[in-house]
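Undergrad: Handing you this structure, nothing more for now.
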Amino acid sequence: MSIESITSSKPVTTLVDYAIILVRTLYRHSKWVIGCFFLIALFLPFVSGDYLENLLIYVLIYTVSVIGYDFTTGGTNEIHVAQAPMMAIGGYTSAILMMKFQIPFFAAALAAIGLTIAFGLFISYPSIRIHGLYFAIITLTFGELVRIVIANTPSITGGTPGLTPIPDIAFLGFELSRQIEYYYLALAIVVLAMTFKYRLSRSNVGHTFQGVRNNEHLAKTVGINTLKYKMYAFTLNAVFAATAGILFAHYIGLMIPREASLLRTTDFLVMNLIGGIGTIWGPVIGAFFVVGVPEYFRIAGSLRLFMFGLTLIVFILLIPRGLAGIVQDLRYQGTREDDN
Amino acid sequence: MVVFETLVQQLINGIVLSGYYAIIALGLAIIFGTLGVVNVAHGGFVTIGAYTAYLATDAGMPYVGGVVLAIVVTFVFGGVVDRLLVKPFRDRSPLTVMLSTLGLLLVIQATARHFFPSVVAVTTPWSGVSVPVLAGFSLELQRVLLLVVAIVLIAVVHVLLTHTRTGTIIRATAEDVTTASMMGVDADRYLLLVFCAGSAMAGLAGAIIAPVTYVSPSMGLWPTLVGLFTVIVGGLGNYRGALIAAFMIGLLESISILFIPTNYRHAIVFVFIAIVIYVRPEGLFETKAKGVLEFEG
């Protein structure tokens, strides 16, 4: 069935039909749509107040991390439960190097990314023989170890009260001190990350990721070194997680061990799931709904946790492909049999 | 001598802690072994059991009544959870159930935190009573009770599984749902029963630990992790292995306090688990019944 057959010959009756038409129109003019989004993002700080801007920075930072997380959930068939610790390693390393060793930001950030990559490779290596639940558990233990070490070495990491004050980001003679500067830096990184992810998903490597995710045994059979690709995915994830962690640490100026907790990791899982695993726009949507919406409506504490759990259940139960996944489904509805 | 005495004391504490872990592990292991799913909300059932016991004793019920109520409540709730969150995903990856029950764990924690912002304590008529166990060492009566309940429960479950018709059917279902169904077994009913019974064990664990420790909304997270670990260390759905693993973890946690800072006692367990998963992902104890469980979990 072609696009015309739905939009012209079949009468438009249901809400779904309208949604399909809307989605396809948006996709047809995707350049304009993305341009509009970009312009809105560019000028938003001028109309939003400080509070909203602060929220948007949070959303952008988390988006970077979820884009990274999506490389592992959408690019391999494993789920790892150590995203928050990875972000914390990035943030803490950069902050500690700057504060205790007076190392310039750029070098500190590079070292932080390097260390996070090392951790990412370390936790991904067991996937050579451990899969599914077992892999999730082994990454969970490594992640919890990171949190315990951070919480119990107060001389280096500041311990439970946290590490503060973390200096501002400064490189190439610039020093970021105002909120709006952090906004544009985070926005630039998100745009870069999304572009990179889009280009990657169209490349050979991206297709291989999909193959490994959909059927690892088949991928192995046709001669793909699946461990290598899993390690690629974890390296990419580490780079993004560390970047997000560094941005977070220097923007907030405070790192606490809770940033590495299991509960924080579930944040990323939920964001990834709400947005849609393996999609380009999923991470933005997920971060927006998980970080932005509850903060804006001042939902906090136990109510936030409650909504969180409920959202997780509802999405797993009813919308396992996530919001961006639904949009994709609508786009291709009725045009082909398989929806891979 | 002092070192020796602390060692013995920690050993006793470790055995009691292991009893608590064993009740939790047993419930999770029979669920995992039969349904092939990991119930991350298992610790949530512990929380529910503890709060039920608290509410019951607070309303004037005797403590034993509270324990029975906790078992009944978690049994019924387990049935609801199985129908809503586990059964729909029976054919999907086990990770799906993990995520849906993780959502449930968060919901339970949030609800508990909403209604009980501060920790509460459950008192029993024998609170504060200690009994001598060994020369020079005494133990709270409630802890002795916990250990007795754990041992009795393990014995009862073992006899039920190996010497009754229901137990045989459950083991058959665990081994192969399809074949069991073809033999005229209403597999679905038995899977539900196992899930309910496993959940009730978690509720029992919560009700029985409540007078020993404080009852707090986040008390369910660590038992969940311990449960997961025992299931993995014990081997696929091997509940005997899970019990041994529970005792290993309990003893490891208590004994390690002698050598390393208290804050790291969970870290020791994590390291142990990571090593076990990496070196022997099939578990420390070989199991014969592979059943519905895929090694790749």
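Identifiers for the structure tokens are assigned positionally: chains receive A, B, ... in sequence, residues are indexed from 1 per chain, and ligands are indexed from 1 in the order shown.
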Within 10 Å of chain B, which residues of chain A show up? Give each one with its shortest atom-to-atom distance in Å (one decimal) and the two atoms involved, counting only C-alpha atoms, rows by chain then rising residue number, as a Markdown table.

TA:
| residue | atom | partner | partner_atom | distance |
| --- | --- | --- | --- | --- |
| A:Glu78 | CA | B:Leu95 | CA | 9.5 |
| A:Ile79 | CA | B:Leu95 | CA | 8.4 |
| A:Pro126 | CA | B:Tyr278 | CA | 6.8 |
| A:Ser127 | CA | B:Tyr278 | CA | 9.6 |
| A:Arg129 | CA | B:Tyr278 | CA | 8.4 |
| A:Ile130 | CA | B:Pro281 | CA | 6.9 |
| A:His131 | CA | B:Glu296 | CA | 5.3 |
| A:Gly132 | CA | B:Gly297 | CA | 5.4 |
| A:Leu133 | CA | B:Gly297 | CA | 5.4 |
| A:Tyr134 | CA | B:Gly297 | CA | 7.0 |
| A:Phe135 | CA | B:Ile277 | CA | 8.6 |
| A:Ala136 | CA | B:Leu95 | CA | 8.9 |
| A:Ile137 | CA | B:Leu228 | CA | 8.1 |
| A:Ile138 | CA | B:Ala274 | CA | 5.5 |
| A:Thr139 | CA | B:Ala274 | CA | 8.4 |
| A:Leu140 | CA | B:Phe270 | CA | 8.7 |
| A:Thr141 | CA | B:Phe270 | CA | 5.2 |
| A:Phe142 | CA | B:Phe270 | CA | 7.5 |
| A:Gly143 | CA | B:Phe270 | CA | 9.6 |
| A:Glu144 | CA | B:Ala267 | CA | 7.7 |
| A:Leu145 | CA | B:Ala267 | CA | 5.8 |
| A:Val146 | CA | B:Ala267 | CA | 9.3 |
| A:Arg147 | CA | B:Ala267 | CA | 9.5 |
| A:Ile148 | CA | B:Ala267 | CA | 6.8 |
| A:Val149 | CA | B:Tyr264 | CA | 8.2 |
| A:Ala151 | CA | B:Asn263 | CA | 8.9 |
| A:Asn152 | CA | B:Asn263 | CA | 7.2 |
| A:Leu262 | CA | B:Leu221 | CA | 9.9 |
| A:Leu263 | CA | B:Leu106 | CA | 9.0 |
| A:Thr266 | CA | B:Leu102 | CA | 8.8 |
| A:Leu269 | CA | B:Leu99 | CA | 9.0 |
| A:Val270 | CA | B:Leu99 | CA | 9.3 |
| A:Gly301 | CA | B:Ala110 | CA | 8.0 |
| A:Ser302 | CA | B:Ala110 | CA | 4.5 |
| A:Leu303 | CA | B:Ala110 | CA | 6.6 |
| A:Arg304 | CA | B:Ala110 | CA | 8.1 |
| A:Leu305 | CA | B:Ala110 | CA | 5.5 |
| A:Phe306 | CA | B:Val107 | CA | 4.6 |
| A:Met307 | CA | B:Val107 | CA | 7.5 |
| A:Phe308 | CA | B:Gly103 | CA | 7.2 |
| A:Gly309 | CA | B:Gly103 | CA | 3.8 |
| A:Leu310 | CA | B:Gly103 | CA | 6.1 |
| A:Thr311 | CA | B:Gly103 | CA | 7.6 |
| A:Leu312 | CA | B:Gly103 | CA | 5.2 |
| A:Ile313 | CA | B:Ser100 | CA | 4.9 |
| A:Val314 | CA | B:Ser100 | CA | 8.3 |
| A:Phe315 | CA | B:Ser100 | CA | 8.8 |
| A:Ile316 | CA | B:Ser100 | CA | 6.2 |
| A:Leu317 | CA | B:Ser100 | CA | 7.6 |
| A:Pro320 | CA | B:Thr96 | CA | 9.3 |

Undergrad: Using Å and a single decimal, report how far atom CA of Ala238 of chain A sits from atom CA of Ile40 of chain A.

TA: 29.3 Å

Undergrad: Quick one: everything within 7 Å of Thr224 of chain B, counting only C-alpha atoms, minus sequence neighbours fewer than 2 positions away in the same chain. Send it as a short mmCIF file (atom, residue, chain, number, x, y, z; two decimals) with all heavy atoms, in the first residue's frame.

TA:
data_model
loop_
_atom_site.label_atom_id
_atom_site.label_comp_id
_atom_site.auth_asym_id
_atom_site.auth_seq_id
_atom_site.Cartn_x
_atom_site.Cartn_y
_atom_site.Cartn_z
N VAL B 40 12.04 -8.69 40.09
CA VAL B 40 12.83 -7.66 40.76
C VAL B 40 12.05 -7.05 41.92
O VAL B 40 12.63 -6.50 42.86
CB VAL B 40 13.26 -6.57 39.75
CG1 VAL B 40 14.06 -5.49 40.42
CG2 VAL B 40 14.08 -7.19 38.65
N HIS B 42 10.69 -8.58 44.16
CA HIS B 42 10.68 -9.52 45.29
C HIS B 42 10.97 -8.79 46.60
O HIS B 42 10.32 -9.05 47.62
CB HIS B 42 11.72 -10.62 45.05
CG HIS B 42 11.47 -11.86 45.84
ND1 HIS B 42 10.37 -12.66 45.62
CD2 HIS B 42 12.15 -12.43 46.85
CE1 HIS B 42 10.41 -13.68 46.46
NE2 HIS B 42 11.48 -13.56 47.22
N GLY B 43 11.95 -7.89 46.57
CA GLY B 43 12.25 -7.10 47.77
C GLY B 43 11.09 -6.21 48.15
O GLY B 43 10.88 -5.90 49.33
N GLY B 220 13.59 -2.83 50.84
CA GLY B 220 13.43 -3.91 49.89
C GLY B 220 14.52 -4.03 48.84
O GLY B 220 14.65 -5.06 48.21
N LEU B 221 15.32 -2.99 48.68
CA LEU B 221 16.27 -2.99 47.55
C LEU B 221 17.38 -4.01 47.74
O LEU B 221 17.67 -4.82 46.85
CB LEU B 221 16.86 -1.59 47.37
CG LEU B 221 17.75 -1.43 46.14
CD1 LEU B 221 16.95 -1.70 44.88
CD2 LEU B 221 18.36 -0.05 46.08
N TRP B 222 18.00 -3.99 48.92
CA TRP B 222 19.12 -4.91 49.16
C TRP B 222 18.66 -6.37 49.11
O TRP B 222 19.31 -7.20 48.45
CB TRP B 222 19.84 -4.55 50.45
CG TRP B 222 20.98 -5.47 50.77
CD1 TRP B 222 21.09 -6.28 51.84
CD2 TRP B 222 22.18 -5.66 50.00
NE1 TRP B 222 22.27 -6.98 51.79
CE2 TRP B 222 22.95 -6.62 50.67
CE3 TRP B 222 22.65 -5.13 48.80
CZ2 TRP B 222 24.19 -7.05 50.19
CZ3 TRP B 222 23.88 -5.57 48.32
CH2 TRP B 222 24.63 -6.51 49.02
N VAL B 226 20.20 -9.32 46.83
CA VAL B 226 20.68 -10.58 47.41
C VAL B 226 19.95 -11.75 46.76
O VAL B 226 20.55 -12.76 46.41
CB VAL B 226 20.49 -10.59 48.94
CG1 VAL B 226 20.74 -11.98 49.49
CG2 VAL B 226 21.44 -9.60 49.59
N GLY B 227 18.64 -11.60 46.60
CA GLY B 227 17.86 -12.65 45.96
C GLY B 227 18.38 -12.96 44.57
O GLY B 227 18.60 -14.12 44.21
N LEU B 228 18.61 -11.91 43.78
CA LEU B 228 19.14 -12.09 42.43
C LEU B 228 20.48 -12.82 42.47
O LEU B 228 20.73 -13.75 41.70
CB LEU B 228 19.35 -10.72 41.77
CG LEU B 228 18.14 -10.01 41.22
CD1 LEU B 228 18.52 -8.63 40.72
CD2 LEU B 228 17.56 -10.82 40.08
#

Undergrad: So that I can see what lies close to Val239 of chain A, please list as a VMD selection string the residues with an atom at most 9 Å from it, counting only C-alpha atoms and leaving out residues fewer than 5 positions away in the same chain.

TA: chain A and resid 68 90 113 to 114 116 to 117 234 244

Undergrad: Those same residues, written as an mmCIF file, in the first residue's frame with N, CA, C and O atoms?

TA:
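Listing of result-v2.cif after writing:
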data_model
loop_
_atom_site.group_PDB
_atom_site.id
_atom_site.type_symbol
_atom_site.label_atom_id
_atom_site.label_comp_id
_atom_site.auth_asym_id
_atom_site.auth_seq_id
_atom_site.Cartn_x
_atom_site.Cartn_y
_atom_site.Cartn_z
ATOM 1 N N GLY A 68 24.138 8.314 24.416
ATOM 2 C CA GLY A 68 25.194 7.332 24.617
ATOM 3 C C GLY A 68 24.634 5.980 25.029
ATOM 4 O O GLY A 68 24.994 4.947 24.471
ATOM 5 N N GLY A 90 33.060 10.149 34.909
ATOM 6 C CA GLY A 90 33.459 11.294 34.095
ATOM 7 C C GLY A 90 33.462 12.580 34.898
ATOM 8 O O GLY A 90 34.461 13.311 34.925
ATOM 9 N N ILE A 113 37.294 11.402 30.137
ATOM 10 C CA ILE A 113 36.697 10.596 29.065
ATOM 11 C C ILE A 113 37.483 9.293 28.908
ATOM 12 O O ILE A 113 36.905 8.213 28.766
ATOM 13 N N GLY A 114 38.817 9.414 28.978
ATOM 14 C CA GLY A 114 39.657 8.229 28.850
ATOM 15 C C GLY A 114 39.352 7.194 29.918
ATOM 16 O O GLY A 114 39.181 6.007 29.638
ATOM 17 N N THR A 116 36.615 6.888 31.660
ATOM 18 C CA THR A 116 35.277 6.332 31.486
ATOM 19 C C THR A 116 35.271 5.285 30.376
ATOM 20 O O THR A 116 34.603 4.256 30.486
ATOM 21 N N ILE A 117 36.039 5.557 29.315
ATOM 22 C CA ILE A 117 36.139 4.561 28.232
ATOM 23 C C ILE A 117 36.733 3.261 28.783
ATOM 24 O O ILE A 117 36.238 2.165 28.503
ATOM 25 N N PHE A 234 30.083 0.299 23.585
ATOM 26 C CA PHE A 234 30.353 0.729 24.959
ATOM 27 C C PHE A 234 31.347 1.882 24.994
ATOM 28 O O PHE A 234 31.266 2.737 25.871
ATOM 29 N N ALA A 244 28.558 14.012 29.288
ATOM 30 C CA ALA A 244 27.401 14.458 30.068
ATOM 31 C C ALA A 244 27.791 14.653 31.529
ATOM 32 O O ALA A 244 27.408 15.650 32.158
#

Undergrad: With distances taken over only C-alpha atoms, which residue among B:Asp82, B:Thr124, B:Ile48, B:Val16 lies nearest Pro62 of chain B?

TA: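 Of B:Asp82, B:Thr124, B:Ile48, B:Val16, the one nearest Pro62 of chain B is B:Thr124, counting only C-alpha atoms.
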
Undergrad: Can you pull out every residue within 9 Å of Ser65 of chain A, counting only C-alpha atoms, but drop anything in the same chain fewer than 4 positions away, and send it as a list of chain:residue names?

TA: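 Final neighbour list, sorted by chain and number: A:Leu60, A:Ile61, A:Tyr69, A:Asp70, A:Gln83, A:Ala84, A:Met87, A:Asn237, A:Ala238, A:Phe240, A:Ala241, A:Ala242, A:Thr243, A:Ala244, A:Gly245, A:Phe268, A:Pro283.
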
Undergrad: For segment 244-251 of chain B, list every protein, DNA or RNA residue within 8 Å, evaluated using only C-alpha atoms, and leave out those in the same chain fewer than 6 positions away; present the list as a VMD selection string.

TA: chain B and resid 11 14 to 15 17 to 19 21 to 22 25 226 to 227 229 to 231 233 to 234 269

Undergrad: Generate the output file for the selected residues, all heavy atoms, as a tab-separated table (two decimals), in the first residue's frame.

TA:
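Listing of selection17.tsv after writing:
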chain	number	residue	atom	x	y	z
B	11	LEU	N	29.91	-14.82	63.47
B	11	LEU	CA	29.45	-16.06	62.86
B	11	LEU	C	27.97	-16.29	63.15
B	11	LEU	O	27.18	-16.60	62.26
B	11	LEU	CB	30.26	-17.24	63.39
B	11	LEU	CG	31.30	-17.85	62.46
B	11	LEU	CD1	32.09	-18.92	63.17
B	11	LEU	CD2	30.63	-18.43	61.22
B	14	GLY	N	25.97	-13.87	61.34
B	14	GLY	CA	25.97	-14.26	59.93
B	14	GLY	C	24.98	-15.36	59.65
B	14	GLY	O	24.28	-15.33	58.63
B	15	ILE	N	24.90	-16.31	60.56
B	15	ILE	CA	23.96	-17.42	60.35
B	15	ILE	C	22.52	-16.90	60.40
B	15	ILE	O	21.68	-17.29	59.57
B	15	ILE	CB	24.20	-18.53	61.40
B	15	ILE	CG1	25.54	-19.21	61.12
B	15	ILE	CG2	23.07	-19.55	61.36
B	15	ILE	CD1	25.99	-20.15	62.19
B	17	LEU	N	21.52	-13.80	59.72
B	17	LEU	CA	21.33	-13.03	58.49
B	17	LEU	C	21.09	-13.97	57.31
B	17	LEU	O	20.22	-13.73	56.46
B	17	LEU	CB	22.58	-12.17	58.26
B	17	LEU	CG	22.51	-11.12	57.16
B	17	LEU	CD1	21.49	-10.06	57.55
B	17	LEU	CD2	23.87	-10.49	56.94
B	18	SER	N	21.85	-15.07	57.30
B	18	SER	CA	21.70	-16.04	56.22
B	18	SER	C	20.31	-16.65	56.22
B	18	SER	O	19.75	-16.92	55.16
B	18	SER	CB	22.72	-17.16	56.37
B	18	SER	OG	24.00	-16.64	56.51
B	19	GLY	N	19.75	-16.86	57.43
B	19	GLY	CA	18.40	-17.40	57.51
B	19	GLY	C	17.41	-16.48	56.82
B	19	GLY	O	16.55	-16.92	56.06
B	21	TYR	N	18.15	-14.21	54.49
B	21	TYR	CA	18.41	-14.26	53.05
B	21	TYR	C	17.87	-15.55	52.45
B	21	TYR	O	17.40	-15.56	51.32
B	21	TYR	CB	19.91	-14.17	52.78
B	21	TYR	CG	20.51	-12.80	53.04
B	21	TYR	CD1	21.89	-12.62	53.09
B	21	TYR	CD2	19.70	-11.69	53.24
B	21	TYR	CE1	22.44	-11.37	53.32
B	21	TYR	CE2	20.24	-10.44	53.47
B	21	TYR	CZ	21.62	-10.29	53.52
B	21	TYR	OH	22.16	-9.07	53.74
B	22	ALA	N	17.94	-16.64	53.22
B	22	ALA	CA	17.51	-17.93	52.69
B	22	ALA	C	16.01	-17.91	52.39
B	22	ALA	O	15.57	-18.44	51.36
B	22	ALA	CB	17.84	-19.05	53.68
B	25	ALA	N	15.67	-15.93	49.26
B	25	ALA	CA	16.24	-16.65	48.12
B	25	ALA	C	15.34	-17.80	47.70
B	25	ALA	O	15.14	-18.04	46.50
B	25	ALA	CB	17.63	-17.18	48.47
B	226	VAL	N	20.20	-9.32	46.83
B	226	VAL	CA	20.68	-10.58	47.41
B	226	VAL	C	19.95	-11.75	46.76
B	226	VAL	O	20.55	-12.76	46.41
B	226	VAL	CB	20.49	-10.59	48.94
B	226	VAL	CG1	20.74	-11.98	49.49
B	226	VAL	CG2	21.44	-9.60	49.59
B	227	GLY	N	18.64	-11.60	46.60
B	227	GLY	CA	17.86	-12.65	45.96
B	227	GLY	C	18.38	-12.96	44.57
B	227	GLY	O	18.60	-14.12	44.21
B	229	PHE	N	21.33	-12.39	43.41
B	229	PHE	CA	22.66	-12.99	43.50
B	229	PHE	C	22.57	-14.47	43.84
B	229	PHE	O	23.25	-15.30	43.24
B	229	PHE	CB	23.50	-12.28	44.58
B	229	PHE	CG	23.80	-10.85	44.25
B	229	PHE	CD1	24.23	-9.97	45.23
B	229	PHE	CD2	23.67	-10.37	42.95
B	229	PHE	CE1	24.50	-8.65	44.92
B	229	PHE	CE2	23.94	-9.06	42.64
B	229	PHE	CZ	24.36	-8.19	43.64
B	230	THR	N	21.72	-14.80	44.82
B	230	THR	CA	21.64	-16.20	45.23
B	230	THR	C	21.14	-17.06	44.08
B	230	THR	O	21.64	-18.16	43.87
B	230	THR	CB	20.68	-16.38	46.41
B	230	THR	OG1	19.42	-15.84	46.06
B	230	THR	CG2	21.20	-15.73	47.65
B	231	VAL	N	20.17	-16.51	43.32
B	231	VAL	CA	19.64	-17.28	42.21
B	231	VAL	C	20.74	-17.55	41.19
B	231	VAL	O	20.86	-18.66	40.65
B	231	VAL	CB	18.45	-16.53	41.58
B	231	VAL	CG1	18.15	-17.08	40.21
B	231	VAL	CG2	17.24	-16.63	42.46
B	233	VAL	N	24.18	-17.37	41.72
B	233	VAL	CA	25.26	-18.19	42.27
B	233	VAL	C	24.79	-19.63	42.40
B	233	VAL	O	25.54	-20.58	42.16
B	233	VAL	CB	25.72	-17.63	43.64
B	233	VAL	CG1	26.75	-18.56	44.27
B	233	VAL	CG2	26.31	-16.26	43.47
B	234	GLY	N	23.53	-19.79	42.79
B	234	GLY	CA	23.02	-21.14	43.02
B	234	GLY	C	22.88	-21.95	41.75
B	234	GLY	O	22.92	-23.17	41.78
B	269	VAL	N	30.41	-8.37	48.84
B	269	VAL	CA	29.41	-9.25	48.20
B	269	VAL	C	29.40	-9.01	46.69
B	269	VAL	O	29.38	-9.96	45.90
B	269	VAL	CB	28.02	-9.02	48.81
B	269	VAL	CG1	26.98	-9.85	48.09
B	269	VAL	CG2	28.02	-9.34	50.29

Undergrad: Can you work out which one of A:Met98, A:Ala219, A:Ile189, A:Ala233 has the shortest atom-to-atom distance to Ile57 of chain A, counting only C-alpha atoms?

TA: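 Counting only C-alpha atoms, the residue closest to Ile57 of chain A is A:Ile189.
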
Undergrad: Would you list the contacts of Tyr198 of chain A as a list in words, taking every protein, DNA or RNA residue within 12 Å and counting only C-alpha atoms, but skipping same-chain residues closer than 3 positions in sequence?

TA: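 Within the cut-off, the hits are Ile67, Phe71, Val191, Leu192, Ala193, Met194, Thr195, Ser201, Arg202, Ser203, Val205, Gly206, His207, Gly278, Thr279, Ile280 and Trp281 of chain A.
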
Undergrad: How would the residues just chosen look if you wrote them out with C-alpha atoms as a short mmCIF file (atom, residue, chain, number, x, y, z; two decimals), in the first residue's frame?

TA:
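Below you can see selection19.cif, which holds the result:
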data_model
loop_
_atom_site.label_atom_id
_atom_site.label_comp_id
_atom_site.auth_asym_id
_atom_site.auth_seq_id
_atom_site.Cartn_x
_atom_site.Cartn_y
_atom_site.Cartn_z
CA ILE A 67 22.13 9.18 23.36
CA PHE A 71 24.30 2.93 21.60
CA VAL A 191 23.24 18.71 18.09
CA LEU A 192 26.66 17.21 17.38
CA ALA A 193 25.73 13.99 19.15
CA MET A 194 22.44 13.64 17.27
CA THR A 195 24.08 14.36 13.93
CA SER A 201 22.91 4.78 11.85
CA ARG A 202 23.21 5.13 8.05
CA SER A 203 26.73 3.76 7.94
CA VAL A 205 28.90 0.28 11.44
CA GLY A 206 25.37 1.37 12.27
CA HIS A 207 23.87 -1.42 10.22
CA GLY A 278 17.31 2.77 18.82
CA THR A 279 15.83 6.05 17.62
CA ILE A 280 17.43 9.43 16.93
CA TRP A 281 14.84 11.60 18.66
#

Undergrad: Check the DSSP output for the backbone and give back, as a ChimeraX atom specification, the residues of segment 59-144 of chain B in helix (DSSP H, G or I).

TA: /B:63-89,94-115,141-144

Undergrad: Restricting it to C-alpha atoms, dump the selection as a PDB file, in the first residue's frame.

TA:
ATOM      1  CA  TYR B  63       2.397 -10.403  66.315  1.00  0.00           C
ATOM      2  CA  VAL B  64       1.746 -13.934  65.081  1.00  0.00           C
ATOM      3  CA  GLY B  65      -1.514 -12.718  63.562  1.00  0.00           C
ATOM      4  CA  GLY B  66       0.448  -9.977  61.843  1.00  0.00           C
ATOM      5  CA  VAL B  67       2.810 -12.522  60.332  1.00  0.00           C
ATOM      6  CA  VAL B  68      -0.084 -14.621  59.042  1.00  0.00           C
ATOM      7  CA  LEU B  69      -1.748 -11.508  57.621  1.00  0.00           C
ATOM      8  CA  ALA B  70       1.505 -10.528  55.910  1.00  0.00           C
ATOM      9  CA  ILE B  71       1.689 -13.952  54.275  1.00  0.00           C
ATOM     10  CA  VAL B  72      -1.931 -13.748  53.100  1.00  0.00           C
ATOM     11  CA  VAL B  73      -1.567 -10.198  51.770  1.00  0.00           C
ATOM     12  CA  THR B  74       1.611 -10.919  49.817  1.00  0.00           C
ATOM     13  CA  PHE B  75       0.171 -14.202  48.526  1.00  0.00           C
ATOM     14  CA  VAL B  76      -2.852 -12.409  47.053  1.00  0.00           C
ATOM     15  CA  PHE B  77      -0.817  -9.462  45.824  1.00  0.00           C
ATOM     16  CA  GLY B  78       1.597 -11.889  44.194  1.00  0.00           C
ATOM     17  CA  GLY B  79      -1.323 -13.327  42.233  1.00  0.00           C
ATOM     18  CA  VAL B  80      -2.335  -9.891  41.006  1.00  0.00           C
ATOM     19  CA  VAL B  81       1.241  -9.081  40.005  1.00  0.00           C
ATOM     20  CA  ASP B  82       1.600 -12.361  38.134  1.00  0.00           C
ATOM     21  CA  ARG B  83      -1.530 -11.723  36.099  1.00  0.00           C
ATOM     22  CA  LEU B  84      -0.736  -8.074  35.346  1.00  0.00           C
ATOM     23  CA  LEU B  85       3.029  -7.847  35.031  1.00  0.00           C
ATOM     24  CA  VAL B  86       4.450 -11.311  34.502  1.00  0.00           C
ATOM     25  CA  LYS B  87       2.015 -13.422  32.518  1.00  0.00           C
ATOM     26  CA  PRO B  88       1.692 -10.960  29.588  1.00  0.00           C
ATOM     27  CA  PHE B  89       5.455 -11.265  29.021  1.00  0.00           C
ATOM     28  CA  PRO B  94      13.245 -12.281  30.721  1.00  0.00           C
ATOM     29  CA  LEU B  95      14.652  -8.743  30.722  1.00  0.00           C
ATOM     30  CA  THR B  96      11.157  -7.451  29.955  1.00  0.00           C
ATOM     31  CA  VAL B  97       9.772  -8.905  33.160  1.00  0.00           C
ATOM     32  CA  MET B  98      12.797  -7.527  34.975  1.00  0.00           C
ATOM     33  CA  LEU B  99      11.892  -4.025  33.812  1.00  0.00           C
ATOM     34  CA  SER B 100       8.175  -4.301  34.509  1.00  0.00           C
ATOM     35  CA  THR B 101       8.795  -5.603  38.031  1.00  0.00           C
ATOM     36  CA  LEU B 102      11.458  -2.935  38.533  1.00  0.00           C
ATOM     37  CA  GLY B 103       8.674  -0.436  37.893  1.00  0.00           C
ATOM     38  CA  LEU B 104       6.605  -2.222  40.527  1.00  0.00           C
ATOM     39  CA  LEU B 105       9.476  -2.074  43.037  1.00  0.00           C
ATOM     40  CA  LEU B 106       9.695   1.694  42.541  1.00  0.00           C
ATOM     41  CA  VAL B 107       5.928   2.030  42.956  1.00  0.00           C
ATOM     42  CA  ILE B 108       5.988   0.001  46.195  1.00  0.00           C
ATOM     43  CA  GLN B 109       8.917   2.013  47.552  1.00  0.00           C
ATOM     44  CA  ALA B 110       7.245   5.302  46.667  1.00  0.00           C
ATOM     45  CA  THR B 111       3.945   4.262  48.230  1.00  0.00           C
ATOM     46  CA  ALA B 112       5.676   3.136  51.422  1.00  0.00           C
ATOM     47  CA  ARG B 113       7.629   6.378  51.572  1.00  0.00           C
ATOM     48  CA  HIS B 114       4.462   8.388  51.110  1.00  0.00           C
ATOM     49  CA  PHE B 115       2.540   6.759  53.948  1.00  0.00           C
ATOM     50  CA  LEU B 141      14.656 -14.596  70.805  1.00  0.00           C
ATOM     51  CA  GLN B 142      13.315 -13.015  67.602  1.00  0.00           C
ATOM     52  CA  ARG B 143      16.550 -13.882  65.785  1.00  0.00           C
ATOM     53  CA  VAL B 144      16.332 -17.460  67.017  1.00  0.00           C
TER      54      VAL B 144
END

Undergrad: Select, from A:Ser48, A:Ser30, A:Thr13, A:Thr157, the residue with the minimum atom-to-atom distance to Leu254 of chain A, counting only C-alpha atoms.

TA: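 That would be A:Thr157, the residue with the smallest distance to Leu254 of chain A.
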
Undergrad: So that I can check the secondary structure, give me every residue of segment 33-249 of chain B assigned strand (DSSP E) by backbone DSSP, as a list in words.

TA: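 Everything in segment 33-249 of chain B that counts as strand (DSSP E) is Ser130, Val131, Pro132, Val133, Leu134, Phe137, Ser138, Leu139 and Glu140 of chain B.
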
Undergrad: Distance atom CA of Asn39 of chain B-atom CA of Ile23 of chain B, one decimal place?

TA: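 Between atom CA of Asn39 of chain B and atom CA of Ile23 of chain B the gap works out to 14.9 Å.
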